[in-house]
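Below is the file my_file-v9.txt, which contains compact mmCIF, C-alpha atoms and all ligand atoms.
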```
# COMPACT_ATOMS: atom_id res chain seq x y z
CA MET A 1 0.00 0.00 0.00
CA LYS A 2 1.41 3.35 -1.02
CA ILE A 3 0.70 6.25 1.35
CA ALA A 4 1.15 9.83 0.11
CA VAL A 5 1.65 12.76 2.46
CA LEU A 6 1.04 16.12 0.78
CA LYS A 7 2.10 19.64 1.66
CA GLU A 8 -0.93 21.53 2.93
CA THR A 9 -2.14 24.30 0.64
CA ALA A 10 -4.78 26.04 2.80
CA GLU A 11 -3.75 29.52 3.87
CA GLY A 12 -2.05 29.54 7.27
CA GLU A 13 -2.06 25.76 7.62
CA ARG A 14 1.30 24.72 9.06
CA ARG A 15 0.50 21.23 10.28
CA ALA A 16 1.54 18.00 8.58
CA ALA A 17 -0.41 14.74 8.43
CA ALA A 18 2.59 12.51 9.10
CA THR A 19 5.77 12.83 11.13
CA PRO A 20 8.99 10.81 10.89
CA GLU A 21 7.66 8.76 13.83
CA THR A 22 4.47 7.73 12.01
CA VAL A 23 6.31 7.24 8.69
CA LYS A 24 8.49 4.64 10.43
CA LYS A 25 5.41 2.95 11.84
CA TYR A 26 3.67 2.78 8.46
CA ILE A 27 6.78 1.25 6.95
CA ALA A 28 6.91 -1.26 9.80
CA LEU A 29 3.36 -2.26 8.86
CA GLY A 30 4.56 -2.96 5.29
CA ALA A 31 3.43 0.27 3.57
CA SER A 32 5.55 2.59 1.44
CA VAL A 33 5.38 6.32 2.14
CA SER A 34 5.94 9.15 -0.31
CA VAL A 35 6.14 12.65 1.17
CA GLU A 36 5.81 15.81 -0.93
CA THR A 37 8.89 17.94 -0.56
CA GLY A 38 8.38 20.65 2.07
CA ALA A 39 5.34 18.92 3.61
CA GLY A 40 6.78 19.22 7.11
CA ALA A 41 8.34 22.67 6.85
CA GLY A 42 5.57 24.47 8.77
CA ALA A 43 5.91 21.94 11.60
CA SER A 44 9.73 22.16 11.73
CA ILE A 45 10.23 18.78 10.04
CA ASP A 46 12.83 18.63 7.24
CA ASP A 47 12.59 16.47 4.16
CA GLU A 48 15.72 14.76 5.46
CA ASP A 49 13.95 13.71 8.66
CA TYR A 50 11.23 11.99 6.64
CA ARG A 51 13.84 10.42 4.38
CA ALA A 52 15.76 9.10 7.38
CA ALA A 53 12.51 7.52 8.60
CA GLY A 54 12.21 5.64 5.31
CA ALA A 55 9.99 7.88 3.15
CA ASP A 56 10.60 8.90 -0.47
CA ILE A 57 10.66 12.65 -0.97
CA ALA A 58 8.81 13.52 -4.15
CA THR A 59 7.02 16.24 -6.09
CA ARG A 60 3.29 16.50 -5.46
CA ALA A 61 2.42 14.64 -8.65
CA GLU A 62 4.96 11.89 -7.97
CA ALA A 63 3.75 11.43 -4.40
CA VAL A 64 0.15 11.10 -5.57
CA ARG A 65 0.91 8.77 -8.53
CA GLY A 66 -0.40 5.32 -7.70
CA ALA A 67 -1.11 6.25 -4.05
CA ASP A 68 -3.66 4.06 -2.26
CA ALA A 69 -4.12 6.58 0.56
CA VAL A 70 -3.50 10.32 0.70
CA LEU A 71 -3.02 11.70 4.22
CA ALA A 72 -3.90 15.35 4.72
CA VAL A 73 -4.72 17.81 7.46
CA GLN A 74 -7.24 19.80 5.41
CA GLY A 75 -8.28 17.97 2.26
CA PRO A 76 -6.43 18.60 -1.02
CA ALA A 77 -8.38 19.70 -4.13
CA PRO A 78 -9.74 16.68 -6.05
CA ASP A 79 -7.85 17.86 -9.16
CA ASP A 80 -4.58 17.47 -7.25
CA LEU A 81 -5.28 13.79 -6.78
CA ALA A 82 -5.45 12.77 -10.45
CA GLY A 83 -3.12 9.82 -10.82
CA ALA A 84 -3.91 8.24 -7.45
CA ALA A 85 -4.92 4.56 -7.52
CA PRO A 86 -8.59 3.92 -8.35
CA GLY A 87 -10.68 4.18 -5.16
CA ALA A 88 -7.78 5.73 -3.23
CA LEU A 89 -8.51 6.95 0.30
CA VAL A 90 -8.36 10.67 1.08
CA ILE A 91 -8.07 11.06 4.84
CA GLY A 92 -8.18 14.40 6.65
CA ILE A 93 -10.25 17.01 8.45
CA LEU A 94 -12.40 17.44 5.37
CA ASP A 95 -15.11 19.82 6.68
CA PRO A 96 -17.86 17.83 4.91
CA LEU A 97 -20.68 20.28 5.70
CA GLY A 98 -18.67 23.36 4.79
CA LYS A 99 -16.93 21.98 1.69
CA ARG A 100 -19.70 20.03 0.03
CA GLU A 101 -18.50 20.77 -3.49
CA ARG A 102 -15.06 19.38 -2.76
CA ILE A 103 -16.58 16.21 -1.31
CA GLU A 104 -18.64 15.80 -4.48
CA GLY A 105 -15.39 16.27 -6.40
CA TYR A 106 -13.83 13.36 -4.50
CA ALA A 107 -16.85 11.22 -5.33
CA ALA A 108 -16.70 12.15 -9.03
CA ALA A 109 -12.99 11.26 -9.08
CA GLY A 110 -13.78 7.83 -7.62
CA LEU A 111 -11.93 8.57 -4.38
CA GLU A 112 -13.00 7.33 -0.96
CA ALA A 113 -13.03 10.35 1.34
CA LEU A 114 -12.82 9.80 5.13
CA ALA A 115 -13.56 12.73 7.47
CA MET A 116 -11.51 12.36 10.65
CA GLU A 117 -13.56 14.95 12.55
CA TRP A 118 -16.54 12.62 12.39
CA ILE A 119 -14.83 9.80 14.27
CA PRO A 120 -17.42 8.78 16.88
CA ARG A 121 -16.63 9.50 20.52
CA ILE A 122 -16.50 5.90 21.64
CA THR A 123 -13.82 4.35 23.81
CA ARG A 124 -12.32 2.31 20.94
CA ALA A 125 -11.80 5.48 18.90
CA GLN A 126 -10.30 7.72 21.60
CA SER A 127 -6.76 7.42 20.24
CA MET A 128 -8.03 8.49 16.79
CA ASP A 129 -9.98 11.52 18.04
CA VAL A 130 -8.53 14.47 16.14
CA LEU A 131 -11.02 16.94 17.60
CA SER A 132 -9.77 16.17 21.11
CA SER A 133 -6.07 16.19 20.26
CA GLN A 134 -6.32 19.53 18.49
CA ALA A 135 -8.79 21.15 20.93
CA ASN A 136 -6.51 20.33 23.83
CA LEU A 137 -3.68 22.30 22.21
CA ALA A 138 -6.04 25.12 21.25
CA GLY A 139 -7.16 25.48 24.88
CA TYR A 140 -3.55 25.78 26.01
CA LYS A 141 -2.63 28.25 23.27
CA ALA A 142 -5.72 30.40 23.94
CA VAL A 143 -4.39 31.15 27.42
CA LEU A 144 -0.93 32.01 26.10
CA ASP A 145 -2.47 34.21 23.40
CA ALA A 146 -4.47 35.99 26.09
CA ALA A 147 -1.38 36.44 28.26
CA ALA A 148 0.55 37.84 25.29
CA GLU A 149 -2.13 40.47 24.59
CA TYR A 150 -2.63 41.34 28.26
CA GLY A 151 -0.68 44.31 29.58
CA ARG A 152 -0.61 42.86 33.09
CA VAL A 153 0.66 39.64 34.68
CA PHE A 154 -1.22 36.44 35.49
CA PRO A 155 0.20 35.45 38.90
CA MET A 156 0.09 37.48 42.05
CA MET A 157 3.55 38.98 42.60
CA MET A 158 4.83 40.33 45.86
CA THR A 159 7.78 42.54 45.03
CA ALA A 160 9.84 45.16 46.80
CA ALA A 161 7.94 47.73 44.77
CA GLY A 162 4.62 46.42 45.96
CA THR A 163 2.12 43.68 45.21
CA VAL A 164 0.57 42.92 41.82
CA THR A 165 -2.77 41.12 41.97
CA ALA A 166 -3.48 37.89 40.10
CA ALA A 167 -5.47 37.99 36.86
CA ARG A 168 -9.03 36.71 36.90
CA VAL A 169 -9.68 34.26 34.07
CA PHE A 170 -13.16 33.03 33.13
CA VAL A 171 -13.51 30.03 30.79
CA MET A 172 -16.86 29.62 29.04
CA GLY A 173 -17.41 26.15 27.62
CA VAL A 174 -15.64 23.33 29.43
CA GLY A 175 -15.07 20.67 26.79
CA VAL A 176 -11.60 19.45 25.90
CA ALA A 177 -10.30 22.95 25.04
CA GLY A 178 -11.91 24.60 28.07
CA LEU A 179 -10.48 22.07 30.52
CA GLN A 180 -6.99 22.61 29.15
CA ALA A 181 -7.51 26.39 29.29
CA ILE A 182 -8.46 26.14 32.97
CA ALA A 183 -5.42 24.00 33.77
CA THR A 184 -3.08 26.30 31.85
CA ALA A 185 -4.42 29.50 33.41
CA ARG A 186 -4.09 27.91 36.86
CA ARG A 187 -0.47 26.95 36.13
CA LEU A 188 0.22 30.59 35.25
CA GLY A 189 -1.16 31.61 38.63
CA ALA A 190 -4.48 33.17 37.61
CA VAL A 191 -7.68 33.01 39.67
CA VAL A 192 -9.85 30.86 37.41
CA SER A 193 -13.60 30.31 37.10
CA ALA A 194 -15.59 28.50 34.42
CA THR A 195 -19.09 27.70 33.20
CA ASP A 196 -20.81 25.24 30.88
CA VAL A 197 -24.35 24.13 30.14
CA ARG A 198 -23.49 20.52 30.96
CA SER A 199 -23.76 20.09 34.71
CA ALA A 200 -21.31 17.15 34.55
CA THR A 201 -18.53 19.70 34.04
CA ARG A 202 -18.99 21.24 37.50
CA GLU A 203 -16.95 18.51 39.14
CA GLN A 204 -14.28 18.71 36.44
CA ILE A 205 -13.95 22.48 36.92
CA GLU A 206 -13.64 22.11 40.68
CA SER A 207 -11.14 19.26 40.43
CA LEU A 208 -8.85 21.62 38.50
CA GLY A 209 -9.03 24.14 41.32
CA ALA A 210 -11.34 26.59 39.53
CA LYS A 211 -14.68 28.01 40.64
CA ALA A 212 -17.78 26.70 38.87
CA ILE A 213 -20.28 29.41 37.83
CA PHE A 214 -23.66 27.78 37.19
CA VAL A 215 -27.33 28.69 36.80
CA GLU A 216 -28.82 26.80 39.75
CA ASP A 217 -32.60 26.80 39.89
CA VAL A 218 -34.01 26.55 36.37
CA GLN A 219 -35.91 23.35 35.54
CA GLY A 220 -34.53 20.94 32.96
CA ILE A 221 -31.11 22.48 32.53
CA GLU A 222 -29.21 19.27 31.92
CA GLY A 223 -27.63 20.47 28.69
CA GLU A 224 -26.10 17.19 27.68
CA GLY A 225 -27.25 15.40 24.53
CA ALA A 226 -25.97 12.55 22.38
CA GLY A 227 -22.31 11.62 22.77
CA GLY A 228 -21.85 13.98 25.71
CA TYR A 229 -22.22 17.06 23.50
CA ALA A 230 -24.16 20.17 24.46
CA THR A 231 -27.75 20.70 23.33
CA GLU A 232 -29.57 23.96 22.65
CA MET A 233 -30.93 25.38 25.95
CA SER A 234 -34.37 26.79 26.84
CA ASP A 235 -35.03 30.55 26.59
CA GLU A 236 -35.46 30.77 30.37
CA TYR A 237 -32.09 29.12 30.89
CA LYS A 238 -30.41 31.40 28.37
CA ALA A 239 -31.83 34.52 30.05
CA ARG A 240 -30.71 33.35 33.50
CA GLN A 241 -27.30 32.39 32.23
CA ALA A 242 -26.84 35.79 30.55
CA GLU A 243 -27.73 37.55 33.82
CA LEU A 244 -25.36 35.44 35.91
CA VAL A 245 -22.57 35.72 33.40
CA SER A 246 -22.99 39.49 32.99
CA ALA A 247 -22.32 40.15 36.64
CA HIS A 248 -19.34 37.79 36.59
CA VAL A 249 -17.78 38.96 33.30
CA ALA A 250 -17.65 42.56 34.53
CA ARG A 251 -15.11 41.46 37.15
CA GLN A 252 -12.87 39.42 34.84
CA ASP A 253 -9.58 40.36 33.21
CA ILE A 254 -9.51 37.50 30.72
CA VAL A 255 -12.42 35.60 29.17
CA ILE A 256 -11.83 32.51 27.04
CA THR A 257 -14.81 31.16 25.12
CA THR A 258 -14.90 27.68 23.59
CA ALA A 259 -18.65 26.90 23.39
CA LEU A 260 -19.89 24.85 20.47
CA ILE A 261 -23.08 22.97 19.68
CA PRO A 262 -22.57 20.32 16.98
CA GLY A 263 -24.30 21.15 13.69
CA ARG A 264 -25.26 24.67 14.78
CA PRO A 265 -23.56 28.04 14.76
CA ALA A 266 -21.65 28.75 17.97
CA PRO A 267 -23.91 30.20 20.72
CA ARG A 268 -23.46 33.92 21.41
CA LEU A 269 -22.18 34.16 24.99
CA VAL A 270 -20.62 37.60 25.38
CA SER A 271 -22.51 40.71 24.27
CA ASP A 272 -21.18 44.14 23.41
CA ALA A 273 -22.63 45.50 26.66
CA GLN A 274 -20.78 42.83 28.63
CA ILE A 275 -17.54 43.73 26.84
CA ALA A 276 -18.11 47.38 27.73
CA SER A 277 -18.49 46.39 31.39
CA MET A 278 -14.96 44.94 31.54
CA ARG A 279 -11.96 46.91 32.68
CA PRO A 280 -9.95 48.47 29.81
CA GLY A 281 -6.96 46.30 28.95
CA SER A 282 -8.94 43.08 29.46
CA VAL A 283 -8.67 40.36 26.83
CA ILE A 284 -11.23 37.97 25.35
CA VAL A 285 -10.10 34.97 23.29
CA ASP A 286 -12.86 33.46 21.14
CA LEU A 287 -11.94 29.89 20.20
CA ALA A 288 -15.31 29.45 18.48
CA VAL A 289 -14.68 32.32 16.05
CA GLU A 290 -14.43 29.96 13.06
CA GLN A 291 -17.93 28.60 13.79
CA GLY A 292 -19.48 32.07 13.97
CA GLY A 293 -18.05 33.17 17.31
CA ASN A 294 -19.20 33.29 20.94
CA VAL A 295 -18.33 36.98 21.27
CA GLU A 296 -20.12 39.93 19.73
CA GLY A 297 -17.78 41.96 17.54
CA GLY A 298 -15.07 39.28 17.30
CA ILE A 299 -13.55 39.05 13.82
CA LEU A 300 -12.15 35.87 12.32
CA GLY A 301 -8.40 36.09 11.89
CA GLU A 302 -8.04 39.41 13.73
CA VAL A 303 -7.35 40.96 17.11
CA VAL A 304 -9.81 43.84 17.48
CA GLU A 305 -10.37 46.33 20.27
CA ARG A 306 -13.83 47.32 21.55
CA HIS A 307 -14.39 49.52 24.58
CA GLY A 308 -10.69 49.15 25.36
CA VAL A 309 -10.98 45.33 25.47
CA LYS A 310 -9.06 43.18 23.00
CA ILE A 311 -10.99 40.41 21.26
CA VAL A 312 -8.67 37.75 19.87
CA GLY A 313 -10.07 35.74 16.95
CA HIS A 314 -7.15 33.74 15.58
CA ARG A 315 -7.91 31.23 12.86
CA ASN A 316 -6.78 27.64 13.16
CA VAL A 317 -5.28 27.87 16.64
CA PRO A 318 -3.84 24.31 16.62
CA SER A 319 -1.74 25.30 13.60
CA ARG A 320 -0.11 27.96 15.82
CA LEU A 321 1.47 25.01 17.67
CA ALA A 322 2.20 23.18 14.43
CA ALA A 323 4.91 20.82 15.67
CA ASP A 324 2.95 19.29 18.55
CA ALA A 325 -0.36 19.55 16.70
CA SER A 326 1.20 17.57 13.83
CA ALA A 327 2.71 15.00 16.19
CA LEU A 328 -0.67 14.31 17.81
CA TYR A 329 -2.68 14.51 14.59
CA ALA A 330 -0.27 12.17 12.80
CA ARG A 331 -0.61 9.67 15.66
CA ASN A 332 -4.41 9.92 15.47
CA LEU A 333 -4.19 9.02 11.76
CA TYR A 334 -1.75 6.20 12.40
CA ASN A 335 -3.91 4.76 15.19
CA PHE A 336 -6.88 4.84 12.84
CA LEU A 337 -5.14 3.10 9.94
CA ALA A 338 -3.39 0.60 12.19
CA ALA A 339 -6.73 -0.39 13.75
CA PHE A 340 -7.98 -1.46 10.33
CA TRP A 341 -4.71 -2.91 9.04
CA ASP A 342 -4.73 -6.29 7.30
CA ALA A 343 -1.35 -7.70 8.28
CA GLU A 344 -1.31 -10.35 5.54
CA GLU A 345 -2.22 -8.04 2.70
CA HIS A 346 -0.14 -5.15 4.10
CA ARG A 347 -3.00 -2.73 3.53
CA VAL A 348 -5.99 -1.17 5.17
CA ALA A 349 -9.19 -3.21 4.97
CA PHE A 350 -12.39 -1.68 6.34
CA SER A 351 -15.38 -3.76 7.17
CA THR A 352 -18.33 -1.80 5.85
CA ASP A 353 -20.47 -2.44 8.93
CA ASP A 354 -17.87 -0.98 11.30
CA GLU A 355 -19.25 1.89 13.37
CA ILE A 356 -16.18 4.09 12.96
CA TYR A 357 -15.86 3.51 9.23
CA GLN A 358 -19.57 4.14 8.66
CA ALA A 359 -19.45 7.42 10.57
CA ILE A 360 -16.56 8.89 8.61
CA CYS A 361 -16.87 7.47 5.09
CA LEU A 362 -18.19 10.25 2.84
CA THR A 363 -17.76 8.92 -0.70
CA LYS A 364 -17.35 5.53 -2.34
CA ASN A 365 -17.86 4.10 -5.84
CA GLU A 366 -18.33 7.60 -7.26
CA LEU A 367 -21.22 8.36 -4.87
CA VAL A 368 -21.67 10.47 -1.75
CA VAL A 369 -22.57 7.70 0.71
CA SER A 370 -22.54 9.49 4.08
CA GLU A 371 -26.00 9.51 5.66
CA ARG A 372 -25.21 12.80 7.36
CA LEU A 373 -24.49 14.40 4.00
CA GLN A 374 -27.39 12.75 2.22
CA ALA A 375 -29.74 14.09 4.90
CA ARG A 376 -28.85 17.65 3.86
P1 LIG A 401 -17.28 21.11 22.07
O1 LIG A 401 -16.04 21.60 21.42
O2 LIG A 401 -18.34 20.50 21.24
O3 LIG A 401 -17.96 22.27 22.95
C1 LIG A 401 -17.21 22.95 23.95
C2 LIG A 401 -18.02 23.08 25.22
O4 LIG A 401 -18.97 24.15 25.08
C3 LIG A 401 -18.82 21.86 25.63
O5 LIG A 401 -18.44 21.46 26.92
C4 LIG A 401 -20.27 22.37 25.62
O6 LIG A 401 -21.06 21.75 26.60
C5 LIG A 401 -20.08 23.83 25.88
N1 LIG A 401 -21.22 24.71 25.56
C6 LIG A 401 -22.09 24.63 24.52
N2 LIG A 401 -23.00 25.64 24.60
C7 LIG A 401 -22.70 26.37 25.70
C8 LIG A 401 -23.28 27.54 26.32
N3 LIG A 401 -24.34 28.14 25.80
N4 LIG A 401 -22.70 28.01 27.45
C9 LIG A 401 -21.62 27.40 27.99
N5 LIG A 401 -21.03 26.30 27.45
C10 LIG A 401 -21.57 25.79 26.32
O7 LIG A 401 -16.85 20.10 23.23
P2 LIG A 401 -15.79 18.94 23.19
O8 LIG A 401 -14.51 19.40 23.72
O9 LIG A 401 -15.77 18.34 21.84
O10 LIG A 401 -16.43 17.93 24.23
C11 LIG A 401 -17.83 17.61 24.18
C12 LIG A 401 -18.11 16.36 24.98
O11 LIG A 401 -17.54 15.22 24.38
C13 LIG A 401 -17.60 16.36 26.41
O12 LIG A 401 -18.55 15.69 27.19
C14 LIG A 401 -16.37 15.54 26.33
O13 LIG A 401 -16.01 14.97 27.58
C15 LIG A 401 -16.83 14.50 25.36
N6 LIG A 401 -15.69 13.83 24.71
C16 LIG A 401 -15.72 12.46 24.65
C17 LIG A 401 -14.67 11.79 24.04
C18 LIG A 401 -14.66 10.29 23.96
O14 LIG A 401 -15.41 9.64 24.63
N7 LIG A 401 -13.85 9.72 23.10
C19 LIG A 401 -13.61 12.52 23.48
C20 LIG A 401 -13.63 13.90 23.56
C21 LIG A 401 -14.70 14.56 24.19
```

Represent the structure of the file as structure tokens.
Ligand code: NAD
Amino acid sequence: MKIAVLKETAEGERRAAATPETVKKYIALGASVSVETGAGAGASIDDEDYRAAGADIATRAEAVRGADAVLAVQGPAPDDLAGAAPGALVIGILDPLGKRERIEGYAAAGLEALAMEWIPRITRAQSMDVLSSQANLAGYKAVLDAAAEYGRVFPMMMTAAGTVTAARVFVMGVGVAGLQAIATARRLGAVVSATDVRSATREQIESLGAKAIFVEDVQGIEGEGAGGYATEMSDEYKARQAELVSAHVARQDIVITTALIPGRPAPRLVSDAQIASMRPGSVIVDLAVEQGGNVEGGILGEVVERHGVKIVGHRNVPSRLAADASALYARNLYNFLAAFWDAEEHRVAFSTDDEIYQAICLTKNELVVSERLQAR
């Protein structure tokens, strides 16, 4: 089985879909690996490192020629994959709902596209979960981005010139990214609080030494739906949450928002009036900015200032930590392929009734086969 690893072409994408470590592992499984020259540059991996691990370094067209699987971070254009083996796999974070035309292009080209972000959140698939591996890094980086924009310090400092108070950090949305943001802000010495609609997170917040800020007495507020994800909340809940949060936000120096609801635009959590209530020099980092944003006035790809408060809306935060993001992403891909590896044939063999395969397979035999896409 020939595996191709291509250089990412999306603007600002620095991650790579394989590292020398995973190249070695694929070769140990009996695959050959062809890496496009420069594929690792954004993640500080030289061509030579891949070569030393056993890969061929090739042009894009050479890498693709005859490939049985193309590994990507964001999916390559279907036209770039002409020359791949018939029915070749295209594996990446393919954004199936946002890039429908591209997915149809894969189908038309006879490619089998697999969307890693749709890996189900079941125990067996934890080591393949790209959303978790990347969100964890994003949560960490969000705190560092906030600290870098903040004109004050995070920890309390008692100096000969007097005492500096600790920063107050409020994390809204306590999934994988939010938990890492809490832990990171605590390590930097901030006073941390957090909120979520899922009451199960209260214990997690407290176990990290942060204060849980929750709406207490509204009926039916258990905001947890399928797979542990958040569900849309009632109007009464939303009003109560806004009230509680308003009073709290006004006293914060840093707010980090990470709230998402699968299949819907990100919920709006911080209003312009709430921003205006914060002390000038405060910083808000909106990790949901690519899904529409949790913060009013946040702009994708920019750091803007409103009422003296900076709103940070970086795109593709995991790519800002490209080396570690690539290392974890590449392992997620390897764990996925290795789980379906046929050791005798030295290739991947999916069983079509497998839960993971069914969830992520978008196209096959020139058709869009994903139920989630067909339902749209
Ligand atoms: P996510 O990125 O989908 O959302 C981030 C957080 O925002 C979630 O905690 C969500 O509840 C919260 N949120 C949504 N609307 C909100 C609102 N209005 N106000 C405040 N918070 C709001 O989350 P995620 O990191 O992908 O994690 C979602 C769930 O999946 C968690 O329960 C997590 O433990 C679980 N998970 C399971 C596995 C696994 O079993 N393999 C892996 C990763 C995550």

### Task
List all protein, DNA and RNA residues that have any atom at most 9 Å from ligand LIG 401 (chain A), counting all atoms listed in the file, and write the list as JSON, numbers by chain.
{"A": [119, 120, 121, 122, 123, 124, 125, 126, 127, 128, 129, 131, 132, 133, 135, 136, 171, 172, 173, 174, 175, 176, 177, 178, 179, 194, 195, 196, 197, 198, 199, 200, 201, 223, 224, 227, 228, 229, 230, 231, 232, 233, 238, 241, 257, 258, 259, 260, 261, 262, 266, 267, 268, 269, 288, 294]}

### Message
Calculated over only C-alpha atoms, which of the candidates A:Glu21, A:Glu36, A:Asp68, A:Glu302 has the smallest distance to A:Ala349?
### Response
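Ranking A:Glu21, A:Glu36, A:Asp68, A:Glu302 by distance to A:Ala349, first place goes to A:Asp68.
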
### Task
Tell me which of A:Leu300, A:Ile311, A:Ile360, A:Ala323 sits closest to A:Ile45, counting all atoms listed in the file.
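Comparing A:Leu300, A:Ile311, A:Ile360, A:Ala323 against A:Ile45, the winner is A:Ala323.
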
### Query
Between A:Glu216, A:Asp47, A:Glu104, A:Asp253, which is the closest to A:Glu149 once you count only C-alpha atoms?
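Checking each candidate against A:Glu149, we get A:Asp253 as the closest.
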
### Task
Can you work out which one of A:Ile213, A:Ala138, A:Val35, A:Val255 has the shortest atom-to-atom distance to A:Arg240, counting only C-alpha atoms?
A:Ile213

### Task
Counting only C-alpha atoms, note down every residue that has an atom within 12 Å of the point (-1.4, -5.6, 5.7) (file coordinates), as number ranges by chain.
A: 1-2, 26-32, 337-350

### Task
Calculate how many Å separate atom CA of A:Val64 from atom CA of A:Ala88, rounding to one decimal.
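Separation of atom CA of A:Val64 and atom CA of A:Ala88: 9.9 Å.
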
### Query
When you draw a straight line from atom CA of A:Leu94 to atom CA of A:Ala55, how long is it in Å?
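These two atoms are separated by 24.4 Å.
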
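Closest to A:Ile284 among A:Arg14, A:Arg186, A:Arg168, A:Arg331 is A:Arg168, based on only C-alpha atoms.
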
### Query
Neighbours of A:Ala375 within 12 Å (all atoms listed in the file; same-chain residues fewer than 6 positions away dropped), as a PyMOL selection string?
chain A and resi 97+368-369

### Message
For a test of reading the model, state the distance in Å between atom CA of A:Asp272 and atom CA of A:Gly297, rounded to one decimal.
### Response
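Atom-to-atom, atom CA of A:Asp272 and atom CA of A:Gly297 are spaced 7.1 Å apart.
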
Within 10 Å of stretch 71-86 of chain A, which residues of stretch 112-212 of chain A come that close, and what is the closest atom pair and distance in Å for each? Count all atoms listed in the file and give it as a Markdown table.
```
| residue | atom | partner | partner_atom | distance |
| --- | --- | --- | --- | --- |
| A:Glu112 | CA | A:Pro86 | CA | 9.3 |
| A:Ala113 | CA | A:Gly75 | CA | 9.0 |
| A:Leu114 | CA | A:Gly75 | CA | 9.8 |
| A:Ala115 | CA | A:Gly75 | CA | 9.1 |
| A:Met116 | CA | A:Val73 | CA | 9.3 |
```

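Ranking A:Lys141, A:Arg60, A:Arg51, A:Lys24 by their shortest atom-to-atom distance to A:Leu321, with only C-alpha atoms included, puts A:Lys141 first.
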